[in-house]
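Next comes structure.cif, with mmCIF, C-alpha atoms.
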```
data_model
#
loop_
_atom_site.label_atom_id
_atom_site.label_comp_id
_atom_site.auth_asym_id
_atom_site.auth_seq_id
_atom_site.Cartn_x
_atom_site.Cartn_y
_atom_site.Cartn_z
CA THR A 333 0.00 0.00 0.00
CA LEU A 334 0.96 3.62 -0.32
CA ASP A 335 1.38 3.99 3.43
CA SER A 336 3.84 1.11 3.59
CA THR A 337 5.92 2.02 0.54
CA MET A 338 5.78 5.76 -0.02
CA LEU A 339 6.44 8.80 2.08
CA TYR A 340 4.90 12.04 0.91
CA ILE A 341 7.05 14.77 2.28
CA ASN A 342 4.24 16.42 4.19
CA LYS A 343 4.54 14.83 7.60
CA HIS A 344 3.16 17.48 9.89
CA ARG A 345 6.14 18.12 12.15
CA ASP A 346 7.50 21.41 13.37
CA PHE A 347 11.30 21.26 13.55
CA THR A 348 11.85 24.96 14.08
CA GLY A 349 12.46 24.45 17.77
CA SER A 350 15.17 21.87 17.15
CA PHE A 351 17.06 23.18 14.16
CA PRO A 352 18.32 26.69 13.46
CA ILE A 353 17.41 28.41 10.22
CA LEU A 354 20.58 28.62 8.14
CA ASN A 355 21.42 30.71 5.10
CA SER A 356 23.83 28.87 2.85
CA PHE A 357 23.51 31.11 -0.23
CA ALA A 358 26.53 33.31 0.31
CA SER A 359 26.72 34.11 -3.41
CA ALA A 360 22.99 34.26 -4.17
CA SER A 361 23.04 38.05 -4.44
CA VAL A 362 25.50 37.95 -7.32
CA PRO A 363 23.77 38.77 -10.66
CA PRO A 364 23.63 35.78 -13.04
CA ALA A 365 25.86 37.58 -15.53
CA ASN A 366 28.65 37.69 -12.96
CA LEU A 367 28.35 34.11 -11.73
CA SER A 368 31.25 32.88 -13.83
CA ASN A 369 33.54 35.31 -12.01
CA HIS A 370 32.30 34.33 -8.58
CA ALA A 371 34.04 30.98 -8.37
CA SER A 372 35.52 29.40 -5.29
CA GLY A 373 39.13 30.32 -4.64
CA GLY A 374 38.95 33.13 -7.20
CA ASN A 375 39.20 30.73 -10.13
CA SER A 376 36.84 31.96 -12.85
CA ASP A 377 37.41 29.03 -15.22
CA ASP A 378 34.15 27.08 -15.21
CA SER A 379 35.52 24.59 -17.78
CA ARG A 380 32.12 24.01 -19.39
CA CYS A 381 32.40 23.09 -23.04
CA CYS A 382 28.67 23.52 -23.71
CA PRO A 383 25.33 24.08 -21.91
CA GLY A 384 24.46 21.10 -19.74
CA CYS A 385 28.06 20.01 -19.23
CA LEU A 386 29.40 19.79 -15.69
CA GLY A 387 32.11 22.30 -14.87
CA ARG A 388 33.88 23.19 -11.64
CA ASN A 389 31.20 25.70 -10.62
CA SER A 390 28.20 24.40 -12.54
CA ILE A 391 26.22 23.18 -9.54
CA ALA A 392 27.05 26.26 -7.44
CA ASN A 393 26.05 28.58 -10.28
CA ALA A 394 22.78 26.77 -10.92
CA ALA A 395 21.94 26.90 -7.21
CA ALA A 396 22.84 30.58 -6.94
CA ALA A 397 20.68 31.47 -9.95
CA VAL A 398 17.57 29.87 -8.47
CA GLY A 399 18.24 30.14 -4.74
CA PRO A 400 16.80 33.63 -4.07
CA ALA A 401 13.45 32.49 -5.54
CA VAL A 402 13.16 29.39 -3.31
CA VAL A 403 10.84 29.92 -0.35
CA ASN A 404 9.94 28.15 2.87
CA ILE A 405 6.22 27.43 3.23
CA SER A 406 4.44 26.62 6.47
CA CYS A 407 0.76 26.01 7.03
CA MET A 408 -0.94 25.76 10.42
CA GLN A 409 -3.99 23.51 10.68
CA GLU A 410 -6.25 23.07 13.69
CA ASN A 411 -8.00 19.70 14.17
CA GLY A 412 -10.07 20.23 17.28
CA TRP A 413 -7.60 20.62 20.12
CA LEU A 414 -4.66 19.51 17.97
CA ARG A 415 -2.59 22.02 16.01
CA GLU A 416 -0.47 20.66 13.19
CA LYS A 417 2.10 22.47 11.09
CA SER A 418 3.03 21.48 7.55
CA LEU A 419 6.46 22.50 6.35
CA GLY A 420 7.67 22.56 2.79
CA SER A 421 9.19 24.56 -0.04
CA GLY A 422 8.17 26.47 -3.12
CA THR A 423 9.56 28.58 -5.94
CA ILE A 424 8.64 32.08 -7.07
CA ILE A 425 8.14 31.87 -10.83
CA ASP A 426 7.00 35.45 -11.48
CA PRO A 427 8.16 38.75 -9.95
CA ASP A 428 4.48 39.42 -9.14
CA GLY A 429 4.69 36.77 -6.38
CA THR A 430 3.32 33.66 -8.11
CA ILE A 431 4.68 30.52 -6.40
CA LEU A 432 4.75 26.86 -7.43
CA THR A 433 4.54 24.29 -4.65
CA CYS A 434 2.89 20.99 -3.66
CA ALA A 435 -0.84 20.72 -3.03
CA HIS A 436 -0.39 18.44 -0.02
CA LEU A 437 1.36 21.25 1.86
CA VAL A 438 -1.62 23.60 1.78
CA THR A 439 -4.64 21.32 1.39
CA ASP A 440 -6.13 18.48 3.42
CA PHE A 441 -5.47 15.23 1.53
CA GLN A 442 -7.30 13.14 4.12
CA SER A 443 -10.69 14.80 3.73
CA THR A 444 -13.32 13.37 1.38
CA LYS A 445 -13.82 16.95 0.17
CA PRO A 446 -10.31 18.39 0.00
CA GLY A 447 -10.00 21.95 1.20
CA LEU A 448 -7.39 24.37 2.44
CA LYS A 449 -5.60 23.62 5.70
CA GLY A 450 -5.25 27.08 7.15
CA LYS A 451 -3.08 30.18 7.10
CA VAL A 452 -0.10 29.89 4.77
CA SER A 453 3.17 31.62 5.68
CA VAL A 454 5.91 32.18 3.11
CA SER A 455 9.51 33.04 4.09
CA LEU A 456 12.09 34.26 1.58
CA GLN A 457 15.83 33.69 1.71
CA ASP A 458 16.40 37.36 2.53
CA GLY A 459 14.31 37.07 5.71
CA ARG A 460 11.09 38.66 4.50
CA GLU A 461 7.84 36.94 5.43
CA PHE A 462 4.48 37.09 3.65
CA GLU A 463 1.05 35.57 3.97
CA GLY A 464 0.33 33.31 1.01
CA VAL A 465 -2.99 32.94 -0.79
CA VAL A 466 -3.77 29.60 -2.47
CA LEU A 467 -4.97 30.36 -6.00
CA ASN A 468 -5.45 26.82 -7.30
CA PHE A 469 -4.50 23.24 -6.48
CA ASP A 470 -4.76 19.82 -8.09
CA HIS A 471 -4.52 16.70 -5.94
CA HIS A 472 -3.82 14.21 -8.72
CA SER A 473 -0.63 15.98 -9.76
CA ASP A 474 0.03 17.35 -6.24
CA ILE A 475 0.62 20.83 -7.66
CA ALA A 476 -0.59 24.11 -6.17
CA VAL A 477 -0.15 27.77 -7.10
CA LEU A 478 0.17 30.41 -4.37
CA LYS A 479 0.43 34.19 -4.49
CA ILE A 480 2.14 36.67 -2.20
CA LYS A 481 1.97 40.45 -2.43
CA SER A 482 5.09 42.60 -2.28
CA LYS A 483 5.59 46.32 -2.83
CA THR A 484 8.73 45.56 -4.80
CA PRO A 485 9.43 42.96 -7.54
CA LEU A 486 10.40 39.58 -6.17
CA PRO A 487 13.23 37.27 -7.34
CA ALA A 488 11.89 34.72 -9.81
CA ALA A 489 13.30 31.51 -11.25
CA ARG A 490 13.21 30.60 -14.93
CA LEU A 491 11.20 27.65 -16.19
CA GLY A 492 13.06 25.18 -18.39
CA SER A 493 11.85 22.10 -20.24
CA SER A 494 11.81 18.48 -19.09
CA CYS A 495 11.13 16.84 -22.46
CA LYS A 496 14.81 16.56 -23.45
CA LEU A 497 16.10 15.20 -20.14
CA ARG A 498 18.00 11.92 -20.28
CA PRO A 499 18.99 9.42 -17.60
CA GLY A 500 22.38 10.54 -16.33
CA ASP A 501 21.79 14.29 -16.70
CA TRP A 502 22.97 16.31 -13.71
CA VAL A 503 20.27 18.03 -11.63
CA VAL A 504 20.12 20.13 -8.46
CA ALA A 505 17.38 20.03 -5.79
CA LEU A 506 16.73 23.05 -3.59
CA GLY A 507 14.44 23.47 -0.63
CA CYS A 508 14.00 23.60 3.12
CA PRO A 509 14.35 20.03 4.48
CA LEU A 510 13.69 19.83 8.23
CA SER A 511 13.28 23.65 8.18
CA LEU A 512 16.91 24.08 7.08
CA GLN A 513 16.35 26.86 4.57
CA ASN A 514 18.37 27.23 1.37
CA THR A 515 19.63 23.65 1.30
CA VAL A 516 21.13 22.37 -1.95
CA THR A 517 21.66 18.76 -3.01
CA ALA A 518 22.76 17.41 -6.37
CA GLY A 519 22.54 14.18 -8.31
CA ILE A 520 21.53 12.71 -11.63
CA VAL A 521 18.30 11.85 -13.39
CA SER A 522 17.68 8.13 -12.84
CA CYS A 523 14.53 7.80 -14.97
CA VAL A 524 12.61 10.33 -17.04
CA ASP A 525 9.22 8.61 -17.13
CA ARG A 526 8.66 6.64 -13.93
CA LYS A 527 5.02 5.52 -14.01
CA SER A 528 2.77 6.07 -10.99
CA SER A 529 1.76 2.41 -11.26
CA ASP A 530 5.43 1.43 -10.77
CA LEU A 531 5.25 3.16 -7.38
CA GLY A 532 2.04 1.47 -6.32
CA LEU A 533 -0.01 4.62 -6.86
CA GLY A 534 -3.53 4.12 -8.18
CA GLY A 535 -5.85 6.56 -9.89
CA ILE A 536 -5.09 8.61 -12.95
CA ARG A 537 -1.90 7.75 -14.82
CA ARG A 538 1.05 10.02 -13.95
CA GLU A 539 4.74 10.10 -14.78
CA TYR A 540 7.59 11.38 -12.62
CA LEU A 541 11.23 12.28 -12.95
CA GLN A 542 13.24 9.95 -10.73
CA THR A 543 16.52 11.27 -9.35
CA ASP A 544 19.07 10.32 -6.69
CA CYS A 545 19.12 13.82 -5.14
CA ALA A 546 18.75 13.78 -1.36
CA ILE A 547 15.13 14.69 -0.59
CA ASN A 548 13.74 14.87 2.94
CA ILE A 549 10.75 16.14 4.89
CA GLY A 550 10.36 19.79 3.92
CA ASN A 551 11.73 19.48 0.37
CA SER A 552 8.21 19.05 -1.03
CA GLY A 553 7.34 21.79 -3.49
CA GLY A 554 10.95 22.84 -4.02
CA PRO A 555 12.49 23.02 -7.49
CA LEU A 556 14.52 20.46 -9.38
CA VAL A 557 16.94 22.46 -11.52
CA ASN A 558 19.20 21.80 -14.50
CA LEU A 559 22.75 23.09 -14.80
CA ASP A 560 21.49 26.17 -16.64
CA GLY A 561 19.62 27.23 -13.52
CA GLU A 562 16.18 26.44 -14.97
CA ILE A 563 13.37 24.61 -13.17
CA ILE A 564 12.74 21.23 -14.78
CA GLY A 565 10.62 19.65 -12.02
CA VAL A 566 8.80 20.11 -8.71
CA ASN A 567 9.96 17.75 -5.95
CA VAL A 568 7.04 15.83 -4.45
CA MET A 569 8.06 12.59 -2.73
CA LYS A 570 10.59 9.88 -1.91
CA LEU A 571 10.55 6.21 -1.01
CA ARG A 572 10.19 5.63 2.71
CA ASP A 573 13.10 3.27 3.39
CA ALA A 574 15.40 4.00 0.47
CA ASP A 575 18.03 6.64 -0.15
CA GLY A 576 18.56 8.00 -3.64
CA LEU A 577 14.99 7.42 -4.83
CA SER A 578 13.28 10.78 -5.16
CA PHE A 579 10.51 11.88 -7.51
CA SER A 580 9.51 15.15 -9.16
CA VAL A 581 6.65 16.29 -11.37
CA PRO A 582 8.12 17.22 -14.79
CA ILE A 583 7.89 20.96 -15.42
CA ASP A 584 6.33 20.49 -18.88
CA TYR A 585 3.40 18.78 -17.15
CA VAL A 586 3.29 21.46 -14.46
CA VAL A 587 3.04 24.18 -17.12
CA LYS A 588 0.03 22.41 -18.64
CA ILE A 589 -1.60 22.23 -15.20
CA VAL A 590 -1.10 25.96 -14.70
CA GLU A 591 -2.63 26.58 -18.15
CA HIS A 592 -5.66 24.52 -17.06
CA PHE A 593 -5.92 26.64 -13.92
CA LYS A 594 -5.95 29.83 -15.99
CA LYS A 595 -8.43 28.52 -18.55
CA ASN A 596 -10.83 26.44 -16.45
CA GLY A 597 -10.00 27.20 -12.83
CA ARG A 598 -9.21 23.50 -12.40
CA VAL A 599 -7.57 20.64 -14.28
CA VAL A 600 -9.93 18.97 -16.77
CA ARG A 601 -8.89 15.41 -17.64
CA PRO A 602 -10.70 13.47 -20.37
CA TRP A 603 -11.37 9.79 -19.51
CA LEU A 604 -11.78 7.00 -22.04
CA GLY A 605 -11.72 3.91 -19.83
CA LEU A 606 -8.83 2.22 -21.63
CA LYS A 607 -5.77 0.55 -20.25
CA MET A 608 -3.08 1.22 -22.85
CA LEU A 609 0.46 0.08 -23.61
CA ASP A 610 3.02 1.70 -25.90
CA LEU A 611 4.28 -0.72 -28.55
CA ASN A 612 7.81 -0.99 -29.88
CA PRO A 613 9.32 -3.38 -32.45
CA MET A 614 10.55 -5.83 -29.80
CA VAL A 615 7.19 -6.04 -28.02
CA ILE A 616 5.38 -6.38 -31.35
CA ALA A 617 7.69 -9.23 -32.39
CA GLN A 618 7.06 -11.03 -29.11
CA LEU A 619 3.27 -10.62 -29.42
CA LYS A 620 3.37 -11.96 -32.98
CA GLU A 621 5.30 -14.99 -31.75
CA ARG A 622 2.55 -15.67 -29.22
CA SER A 623 -0.26 -15.22 -31.76
CA SER A 624 0.03 -15.24 -35.51
CA SER A 625 -3.24 -13.30 -35.71
CA PHE A 626 -1.75 -10.24 -34.00
CA PRO A 627 -2.18 -7.30 -36.38
CA ASP A 628 0.66 -6.44 -38.72
CA VAL A 629 1.75 -3.07 -37.28
CA SER A 630 5.13 -1.42 -36.77
CA LYS A 631 3.92 1.01 -34.10
CA GLY A 632 0.82 2.01 -32.17
CA VAL A 633 -0.82 1.70 -28.77
CA LEU A 634 -2.15 -1.63 -27.55
CA VAL A 635 -5.42 -1.87 -25.61
CA PRO A 636 -5.11 -4.79 -23.14
CA MET A 637 -8.28 -3.91 -21.20
CA VAL A 638 -11.49 -1.91 -21.58
CA THR A 639 -13.34 -0.66 -18.49
CA PRO A 640 -16.98 -1.87 -18.40
CA GLY A 641 -19.47 0.96 -18.79
CA SER A 642 -16.80 3.39 -19.99
CA PRO A 643 -16.89 5.66 -23.05
CA ALA A 644 -14.44 3.28 -24.73
CA GLU A 645 -16.71 0.26 -24.22
CA ARG A 646 -19.71 2.18 -25.57
CA ALA A 647 -17.61 3.16 -28.59
CA GLY A 648 -16.86 -0.50 -29.34
CA PHE A 649 -13.22 -0.86 -28.20
CA ALA A 650 -12.15 -4.44 -27.46
CA PRO A 651 -9.12 -5.96 -25.71
CA GLY A 652 -6.37 -6.57 -28.27
CA ASP A 653 -7.12 -3.50 -30.36
CA VAL A 654 -4.09 -1.54 -31.57
CA VAL A 655 -4.70 2.19 -31.92
CA THR A 656 -2.83 3.52 -34.95
CA GLU A 657 -4.63 6.85 -35.50
CA PHE A 658 -6.42 9.20 -33.13
CA ASP A 659 -8.41 12.13 -34.46
CA GLY A 660 -6.83 11.58 -37.86
CA LYS A 661 -3.27 11.71 -36.54
CA PRO A 662 -0.87 8.74 -36.42
CA VAL A 663 -0.02 7.83 -32.82
CA GLU A 664 2.78 5.79 -31.28
CA THR A 665 2.44 6.58 -27.57
CA ILE A 666 -0.11 7.14 -24.84
CA LYS A 667 1.33 10.62 -24.34
CA GLU A 668 0.38 11.52 -27.90
CA ILE A 669 -3.22 10.39 -27.35
CA ILE A 670 -3.44 12.38 -24.11
CA GLY A 671 -1.97 15.41 -25.88
CA ILE A 672 -4.50 15.20 -28.72
CA MET A 673 -7.43 15.04 -26.28
CA GLY A 674 -6.13 17.94 -24.19
CA ASP A 675 -9.04 19.11 -22.05
CA LYS A 676 -11.74 18.19 -24.60
CA VAL A 677 -14.57 16.51 -22.69
CA GLY A 678 -17.77 15.62 -24.55
CA VAL A 679 -16.03 16.01 -27.91
CA PRO A 680 -16.14 12.95 -30.24
CA PHE A 681 -12.87 11.60 -31.65
CA LYS A 682 -12.43 9.26 -34.61
CA VAL A 683 -10.07 6.42 -33.77
CA LEU A 684 -8.56 3.92 -36.20
CA VAL A 685 -7.68 0.55 -34.67
CA LYS A 686 -6.33 -2.68 -36.09
CA ARG A 687 -7.64 -5.98 -34.81
CA ALA A 688 -6.61 -9.61 -35.17
CA ASN A 689 -5.82 -10.68 -38.73
CA ASN A 690 -5.28 -7.04 -39.72
CA VAL A 691 -8.95 -6.06 -39.63
CA PRO A 692 -9.17 -2.22 -39.61
CA VAL A 693 -12.02 -0.64 -37.64
CA THR A 694 -12.93 3.03 -37.22
CA LEU A 695 -14.52 3.91 -33.87
CA THR A 696 -15.95 7.14 -32.47
CA VAL A 697 -15.31 7.76 -28.79
CA THR A 698 -16.50 10.69 -26.67
CA PRO A 699 -14.40 11.20 -23.52
CA GLU A 700 -15.98 11.97 -20.16
CA GLU A 701 -14.33 14.05 -17.46
CA ALA A 702 -12.25 11.87 -15.17
CA ASP A 703 -13.81 11.24 -11.76
CA ALA A 704 -11.54 12.04 -8.82
CA SER A 705 -12.46 8.70 -7.24
CA ARG A 706 -11.20 6.65 -10.19
#
```
Could you express the structure from this file as C-alpha cells?
Amino acid sequence: TLDSTMLYINKHRDFTGSFPILNSFASASVPPANLSNHASGGNSDDSRCCPGCLGRNSIANAAAAVGPAVVNISCMQENGWLREKSLGSGTIIDPDGTILTCAHLVTDFQSTKPGLKGKVSVSLQDGREFEGVVLNFDHHSDIAVLKIKSKTPLPAARLGSSCKLRPGDWVVALGCPLSLQNTVTAGIVSCVDRKSSDLGLGGIRREYLQTDCAINIGNSGGPLVNLDGEIIGVNVMKLRDADGLSFSVPIDYVVKIVEHFKKNGRVVRPWLGLKMLDLNPMVIAQLKERSSSFPDVSKGVLVPMVTPGSPAERAGFAPGDVVTEFDGKPVETIKEIIGIMGDKVGVPFKVLVKRANNVPVTLTVTPEEADASR
C-alpha cells in the first residue's frame, strides 16, 4: 500500500524548535551575468564546453541562480484541540509573487472533500515573510499555485523544459528540508518517465522524474533544476526506506496544469476507460510470436483492457485493439493520445484501430471528465 511504501514529504512536524534556520547562499546576491567570475578560490574558469556540461562551478552557479526564488512554506492547521504544522518549499516563478509548490502542503489530503488547511506563511531567503494565498490546487498531480503580495518585484526563477532530459543528466534540488532553509543537493536523473503504477499509486496515470538527489521532509514543493539554472521539475516525494529514490513532477506537465488553472479554474482530464500500452518493435515481435493473428503493425498503442461501462466500451473498443490513428493523426504513444485530447470533454474523436488478422475498424469515442475517485 501507499502507506507502507511511499512517504509524501508532508509529515506534519515542526522542527523549528530543534534546528536553526541557516542561510547557505553566500553568493545568491551575485547577478547571473557575474556568476562565472564568482568561483571558489577566485578561479573563474568554469571549464564548461557547452550548456548542460558539468564544470567546476556548474552546480554552485545553478543553485545561486535559483536560490533567491526558493521559499519556505508553512501552514498551520487546527483539528479540534490539535494544532499541526506542515512544512515545505516552493519557488517564485513570477516577480508578481506567483509561487509553485505541492498541493499536499496547503490542502487536506485526508478529507473526502479536499480543502485548504489554514493560514499559509511564506519566508524568503532574505528574511522577509508574507502571507500566502492559495490560488489553485490539483490533488492528482500534487501541484498548487500560491500568491504573495510585495511592494517591490520579487526574485523569480526561470522555467526550463523536461522533455529533453535523459537518464544521467545532472540536476540540483533546492528546498528547506527539516526547516533548514536554502539547502542544496545534487545528483543525476535516474529515470525520465517513472510511471505512478510502478510506485504502487492508483488513480489517474502520472509520470515522474526519478533522481538520486537527497530529498527529505520539507523538500516538497521545491524546485529540481538543471545546470542552466532552470526549473525542470517540482519535488514531491521519496521512497520511505530507500536513499537515492526521489521523484519530481516534470515541469512540462506542471506548465500544462497551470494553463488549465488559468483557462478552467481546475484541471480537466478526459477519460476513455482504456488501459493502454506503448508498442515498440521488440514487443510487437514477441506478441506476434505468441499469436500469428496479432495485427501487422510497426507502431501504435495496444489496448489490453477496456473498463466496463466506460466511453471506450460504448464506442466499441475491445481488448487486443491496436490504436494507430487518433483524431486523424498517427499515434505511437499514450502521451500523444493524451496530448490530442487535451481538455476536450464531450467532444467525439475518430479512432482507427487494427484488430486480429489485420482487420481495420474506425470507432468514435467521446471522452468523459475523469472522476476524482477513479
Could you list, with a cut-off of 10 Å and counting only C-alpha atoms, the residues of segment 477-552 of chain A near segment 588-611 of chain A, each shown with its nearest atom pair and the distance in Å rounded to one decimal, rows sorted by chain and ascending number, as a Markdown table?
```
| residue | atom | partner | partner_atom | distance |
| --- | --- | --- | --- | --- |
| A:Val477 | CA | A:Val590 | CA | 7.9 |
| A:Ile536 | CA | A:Arg601 | CA | 9.1 |
| A:Arg537 | CA | A:Lys607 | CA | 9.8 |
```
Could you state which residues are captured by the PyMOL selection byres ((chain A and resi 507) around 7) in this file, as a short mmCIF file (atom, residue, chain, number, x, y, z; two decimals) with C-alpha atoms, in the coordinates of the input?
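out-v2.cif, written as the output of this step:
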```
data_model
loop_
_atom_site.label_atom_id
_atom_site.label_comp_id
_atom_site.auth_asym_id
_atom_site.auth_seq_id
_atom_site.Cartn_x
_atom_site.Cartn_y
_atom_site.Cartn_z
CA VAL A 402 13.16 29.39 -3.31
CA SER A 421 9.19 24.56 -0.04
CA ALA A 505 17.38 20.03 -5.79
CA LEU A 506 16.73 23.05 -3.59
CA CYS A 508 14.00 23.60 3.12
CA PRO A 509 14.35 20.03 4.48
CA GLN A 513 16.35 26.86 4.57
CA ASN A 514 18.37 27.23 1.37
CA THR A 515 19.63 23.65 1.30
CA VAL A 516 21.13 22.37 -1.95
CA ASN A 551 11.73 19.48 0.37
CA GLY A 554 10.95 22.84 -4.02
#
```
- So which one's closest to Arg646 of chain A, A:Asp675, A:Asp426, A:Glu700, A:Asp470? Using all atoms listed in the file, please.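 Of the candidates, the smallest distance to Arg646 of chain A is held by A:Glu700.
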Around segment 427-442 of chain A, fit a box with edges along x, y and z, padding it by 6 Å on each side, then list its centre and edge lengths in Å to one decimal as AutoDock Vina command-line options.
```
--center_x 0.4 --center_y 26.3 --center_z -2.9 --size_x 27.5 --size_y 38.3 --size_z 26.1
```
Do you know which residues lie at most 9 Å from (1.5, 32.6, 1.1), with coordinates as in the file and all atoms listed in the file counted, and could you write them as JSON, numbers by chain?
{"A": [405, 406, 407, 431, 451, 452, 453, 454, 455, 461, 462, 463, 464, 465, 466, 478, 479, 480, 481]}
Near Asp628 of chain A, counting all atoms listed in the file, which residues have an atom at most 10 Å away, once you skip same-chain residues fewer than 3 positions from it, shown as a compact mmCIF listing (two decimals) with C-alpha atoms, in the coordinates of the input?
```txt
# COMPACT_ATOMS: atom_id res chain seq x y z
CA ILE A 616 5.38 -6.38 -31.35
CA ALA A 617 7.69 -9.23 -32.39
CA LYS A 620 3.37 -11.96 -32.98
CA SER A 624 0.03 -15.24 -35.51
CA SER A 625 -3.24 -13.30 -35.71
CA LYS A 631 3.92 1.01 -34.10
CA VAL A 654 -4.09 -1.54 -31.57
CA LYS A 686 -6.33 -2.68 -36.09
CA ARG A 687 -7.64 -5.98 -34.81
CA ALA A 688 -6.61 -9.61 -35.17
CA ASN A 689 -5.82 -10.68 -38.73
CA ASN A 690 -5.28 -7.04 -39.72
CA VAL A 691 -8.95 -6.06 -39.63
```
Atom CA of Asp525 of chain A and atom CA of Asp474 of chain A, how far apart in Å?
->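 Computing the Euclidean distance for atom CA of Asp474 of chain A and atom CA of Asp525 of chain A yields 16.7 Å.
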Can you translate the PyMOL selection byres ((chain A and resi 559) around 9) into the concrete residues it hits in this file, as a VMD selection string? chain A and resid 383 to 386 390 to 391 393 to 395 502 to 504 557 to 558 560 to 562
Skipping near chain neighbours, those fewer than 3 positions away, what residues fall within 10 Å of segment 567-577 of chain A using only C-alpha atoms, listed as a short mmCIF file (atom, residue, chain, number, x, y, z; two decimals) with C-alpha atoms, in the frame of the given file?
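Everything below was put into around.cif:
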```cif
data_model
loop_
_atom_site.label_atom_id
_atom_site.label_comp_id
_atom_site.auth_asym_id
_atom_site.auth_seq_id
_atom_site.Cartn_x
_atom_site.Cartn_y
_atom_site.Cartn_z
CA LEU A 334 0.96 3.62 -0.32
CA ASP A 335 1.38 3.99 3.43
CA SER A 336 3.84 1.11 3.59
CA THR A 337 5.92 2.02 0.54
CA MET A 338 5.78 5.76 -0.02
CA LEU A 339 6.44 8.80 2.08
CA TYR A 340 4.90 12.04 0.91
CA ILE A 341 7.05 14.77 2.28
CA ASN A 342 4.24 16.42 4.19
CA GLY A 420 7.67 22.56 2.79
CA SER A 421 9.19 24.56 -0.04
CA GLY A 422 8.17 26.47 -3.12
CA THR A 433 4.54 24.29 -4.65
CA CYS A 434 2.89 20.99 -3.66
CA ALA A 435 -0.84 20.72 -3.03
CA HIS A 436 -0.39 18.44 -0.02
CA SER A 473 -0.63 15.98 -9.76
CA ASP A 474 0.03 17.35 -6.24
CA ILE A 475 0.62 20.83 -7.66
CA ALA A 505 17.38 20.03 -5.79
CA LEU A 506 16.73 23.05 -3.59
CA GLY A 507 14.44 23.47 -0.63
CA GLY A 519 22.54 14.18 -8.31
CA ILE A 520 21.53 12.71 -11.63
CA SER A 522 17.68 8.13 -12.84
CA LEU A 531 5.25 3.16 -7.38
CA TYR A 540 7.59 11.38 -12.62
CA LEU A 541 11.23 12.28 -12.95
CA GLN A 542 13.24 9.95 -10.73
CA THR A 543 16.52 11.27 -9.35
CA ASP A 544 19.07 10.32 -6.69
CA CYS A 545 19.12 13.82 -5.14
CA ALA A 546 18.75 13.78 -1.36
CA ILE A 547 15.13 14.69 -0.59
CA ASN A 548 13.74 14.87 2.94
CA ILE A 549 10.75 16.14 4.89
CA GLY A 550 10.36 19.79 3.92
CA ASN A 551 11.73 19.48 0.37
CA SER A 552 8.21 19.05 -1.03
CA GLY A 553 7.34 21.79 -3.49
CA GLY A 554 10.95 22.84 -4.02
CA PRO A 555 12.49 23.02 -7.49
CA LEU A 556 14.52 20.46 -9.38
CA ILE A 564 12.74 21.23 -14.78
CA SER A 580 9.51 15.15 -9.16
CA VAL A 581 6.65 16.29 -11.37
CA PRO A 582 8.12 17.22 -14.79
#
```
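Distance-wise, atom CA of Pro613 of chain A and atom CA of Leu695 of chain A end up 25.0 Å apart.
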Which residues fall under the PyMOL selection byres ((chain A and resi 667) around 12) in this file, as a ChimeraX atom specification?
-> /A:495,525,537-539,585,608-610,632-633,658,663-666,668-674
From atom CA of Arg526 of chain A to atom CA of Arg498 of chain A the spacing works out at 12.5 Å
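Among the candidates A:Leu448, A:Ile583, A:Ala702, A:Ala476, the one nearest to Ile563 of chain A when counting all atoms listed in the file is A:Ile583.
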Exercise. Considering only C-alpha atoms, state which residue in the set A:Leu437, A:Val566, A:Leu533, A:Leu512 is at the smallest distance from Ile425 of chain A.
Key: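 Result for the nearest residue to Ile425 of chain A: A:Val566.
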My list of candidates is A:Val629, A:Val587, A:Val685, A:Met408. Which is closest to Thr439 of chain A when distances are computed with all atoms listed in the file?
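Selected residue with least distance to Thr439 of chain A: A:Met408.
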